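Undergrad: First, the structure itself, so that you have it in front of you.
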Amino acid sequence: MSARIHARYFIETPYDLEHAAQVMAGEQSSGTFTRLASETDTLREAHGARVESIQRLEVVDQPSLPMRADLAPIAAHRYRRALVEISWPLENLGPSLPNLSSTVAGNLFELKEFSALKLLDLELPSAFVDAYPGPQFGTTGTRRLSGIESGPLIGTIIKPSVGLTPAQTAEMVEQLIEGGIDFIKDDELQANGPHSPLKARVDAIMPLINAHAERTGKKVMYAFNISGDIDEMRGHHDYVVAAGGTCVMVAINSVGLAGVTQLRRHCQVALHGHRAGWGLYSRSPHIGMDFSAYHKMWRLAGVDHIHVNGLRNKFSEEDDSVIASARACQTPLFGASAPDYTVMPVFSSGQSAAQVADTHAALGNTDLIYCCGGGIMAHPGGIAGGVASLRQAWEAAVSGVDLIDFAREHRELAQAMETFR
């Protein structure tokens, strides 16, 4: 039997569930709104999507998403929910991520038959392993590049997000380096703007990082945001590498699967994936895409790190979802005989020492980047105090010591717990 792509969805529809699922399968493969003479039984057998299963859920009285007014008589105030699995023959598209996205997350979101539809998960054939490079560095390589053999990489984001000149950014970087930081990233809003061009930032920042590495043997990883057109990204990547940089960052939703894949094939350093715009896919339970499906495509494309939010974050995502996303990043995609494609989850968004113990307890390991903006910059002891408070919090968490008890003998942690509780 030929290889198949499997996708799992949550759906809600006023139509019969079997009919609605068949509409999904037809629209996203060989069918259209009516049967065509050229859509022969042989063609449908070879190229049609299959409805593999339908798991019926509850029936509700109101649609979760707006429906066309002329469909009201069909609904009769009953909207059926279900979990549906659909599969496609790999031959329809080949191991192509852009075309995979069009197939499993394309026009089906607009079909009139549905008052809710969300892609929950994907199961991909091993042909994608041969077609895509996957992460070049992942967790092990990131540790090697940063010199951090164990524990989380303590990181931060340049704030304010925009407005700082390259020289002002470098002044902050110098304080962060001296304060003991492991990882620094540009904000996703700061790429190559006229007030802070990428090359000018590299010229201002990398001499500081290189000089510190010469003195101490520790080279801080800086993720320069090179998001842009493909040729622009390649050129900026080369500029970072020539200056001695060890990481570049892209806003993956903005650059797209093809852009990230092309950059990965060219890339010589760690590729940091920022998921800016993620809420557009995830925030509604009734439309969009779950991280379980989303992260698999970006891991295949080749990011080494990907953002997962953080506990008690400044956004809308629940803690359970954050931890599930982080665990997904650390879970191999394919079998034992294939590359595992594991990547480093990046915790961020309103994080400080206050969330460390719960993060470690929920995740169960330290293979992560723990990024704090205000949690470092707004620490009463300044940048060095903020970094120290995070190291102390992680030391306590890994050792199984209560943070409050540990803080009694660690001033920076005590200050953080008082400030960020």
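Each chain in the structure tokens gets a letter, A, B and so on, in the order shown; residues start at 1 in every chain, and ligands are counted from 1 in the order they appear.
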Could you give me, as JSON lines, every region 148-256 of chain A residue with an atom at most 12 Å from region 354-364 of chain A, plus its closest atom pair and distance in Å to one decimal, counting only C-alpha atoms, rows ordered by chain then number?
TA:
```
{"residue": "A:Gly151", "atom": "CA", "partner": "A:His360", "partner_atom": "CA", "distance": 10.5}
{"residue": "A:Pro152", "atom": "CA", "partner": "A:His360", "partner_atom": "CA", "distance": 9.9}
{"residue": "A:Ile154", "atom": "CA", "partner": "A:Val356", "partner_atom": "CA", "distance": 11.2}
```
Undergrad: Kindly provide the residues of region 234-343 of chain A that approach region 181-202 of chain A to within 8 Å, each paired with its closest atom pair and their distance in Å to one decimal, based on only C-alpha atoms, listed by chain and increasing number, as CSV.
TA:
```
residue,atom,partner,partner_atom,distance
A:His236,CA,A:Lys199,CA,7.4
A:Tyr239,CA,A:Lys199,CA,7.2
A:Val240,CA,A:Val202,CA,6.6
A:Ala243,CA,A:Val202,CA,7.3
A:Met249,CA,A:Lys185,CA,7.8
A:Val250,CA,A:Glu188,CA,7.8
A:Ala251,CA,A:Glu188,CA,6.5
A:His274,CA,A:Glu188,CA,7.1
A:Ala276,CA,A:Glu188,CA,7.1
```
Undergrad: Counting only C-alpha atoms, which residues in region 92-150 of chain A sit no more than 8 Å from region 206-228 of chain A? For each one, give the nearest pair of atoms and the distance in Å, sorted by chain then residue number, as a tab-separated table.
TA:
```
residue	atom	partner	partner_atom	distance
A:Leu145	CA	A:Met221	CA	7.5
A:Ser146	CA	A:Met221	CA	5.7
A:Gly147	CA	A:Lys218	CA	6.3
```
Undergrad: Keeping only C-alpha atoms, write the selected residues as an mmCIF file, in the first residue's frame.
TA:
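For reference, result33.cif as written:
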```cif
data_model
loop_
_atom_site.group_PDB
_atom_site.id
_atom_site.type_symbol
_atom_site.label_atom_id
_atom_site.label_comp_id
_atom_site.auth_asym_id
_atom_site.auth_seq_id
_atom_site.Cartn_x
_atom_site.Cartn_y
_atom_site.Cartn_z
ATOM 1 C CA LEU A 145 27.590 26.581 20.110
ATOM 2 C CA SER A 146 26.706 28.346 23.362
ATOM 3 C CA GLY A 147 29.045 26.401 25.623
#
```
Undergrad: Could you tell me, as a VMD selection string, which residues of region 49-149 of chain A DSSP assigns to strand (DSSP E) when given the backbone?
TA: chain A and resid 50 to 60 79 to 89 116 to 123
Undergrad: Between CA of Met67 (chain A) and CA of Phe10 (chain A), what distance in Å does the model show, to one decimal?
TA: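 The value is 17.0 Å.
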Undergrad: Tell me which of A:Gln175, A:Ser150, A:Ser102, A:Ala258 sits closest to Gly385 (chain A), counting only C-alpha atoms.
TA: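 Selected residue with least distance to Gly385 (chain A): A:Gln175.
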Undergrad: Give me, please, the distance in Å between CA of Glu85 (chain A) and CA of Trp278 (chain A), quoted to one decimal.
TA: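 Taking CA of Glu85 (chain A) and CA of Trp278 (chain A), their separation equals 23.5 Å.
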Undergrad: Write out as a PyMOL selection string the residues lying within 12 Å of Asn99 (chain A), counting only C-alpha atoms and excluding same-chain residues fewer than 6 positions away.
TA: chain A and resi 5+28-29+90-93+105-106+257-258+297
Undergrad: Quick one: write out the picked residues with C-alpha atoms as a PDB file, in the first residue's frame?
TA:
```pdb
ATOM      1  CA  ILE A   5      -0.601  11.517   4.964  1.00  0.00           C
ATOM      2  CA  GLN A  28      -9.000  18.752  -0.578  1.00  0.00           C
ATOM      3  CA  SER A  29      -8.299  16.057  -3.176  1.00  0.00           C
ATOM      4  CA  LEU A  90       1.494  10.931  -0.820  1.00  0.00           C
ATOM      5  CA  GLU A  91       1.422  10.744  -4.627  1.00  0.00           C
ATOM      6  CA  ASN A  92      -1.009  13.689  -4.713  1.00  0.00           C
ATOM      7  CA  LEU A  93       1.621  16.193  -3.615  1.00  0.00           C
ATOM      8  CA  ALA A 105      -4.928  23.472   6.038  1.00  0.00           C
ATOM      9  CA  GLY A 106      -6.224  25.116   2.882  1.00  0.00           C
ATOM     10  CA  LEU A 257       7.776  27.295   4.895  1.00  0.00           C
ATOM     11  CA  ALA A 258       9.606  27.692   1.593  1.00  0.00           C
ATOM     12  CA  MET A 297       6.122  21.350   9.635  1.00  0.00           C
TER      13      MET A 297
END
```
Undergrad: Apply DSSP to the structure's backbone, then extract all residues of region 57-179 of chain A labelled helix (DSSP H, G or I) and return them as a count of residues only.
TA: 49
Undergrad: Measure the distance from CA of Ser284 (chain A) to CA of Leu124 (chain A) in Å and round it to one decimal.
TA: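 Computing the Euclidean distance for CA of Ser284 (chain A) and CA of Leu124 (chain A) yields 24.8 Å.
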Undergrad: List as an mmCIF file with N, CA and C atoms, in the first residue's frame the protein and nucleic acid residues near Gly335 (chain A), meaning an atom at most 10 Å away when only C-alpha atoms are counted, but skip any in the same chain fewer than 4 places from it.
TA:
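Saved to out.cif:
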```cif
data_model
loop_
_atom_site.group_PDB
_atom_site.id
_atom_site.type_symbol
_atom_site.label_atom_id
_atom_site.label_comp_id
_atom_site.auth_asym_id
_atom_site.auth_seq_id
_atom_site.Cartn_x
_atom_site.Cartn_y
_atom_site.Cartn_z
ATOM 1 N N SER A 126 7.603 8.763 6.042
ATOM 2 C CA SER A 126 9.041 8.987 6.189
ATOM 3 C C SER A 126 9.674 9.632 4.967
ATOM 4 N N PRO A 339 16.169 10.420 11.695
ATOM 5 C CA PRO A 339 16.546 11.533 12.575
ATOM 6 C C PRO A 339 15.372 11.907 13.476
ATOM 7 N N ASP A 340 15.663 12.272 14.736
ATOM 8 C CA ASP A 340 14.537 12.554 15.628
ATOM 9 C C ASP A 340 13.989 13.971 15.460
#
```
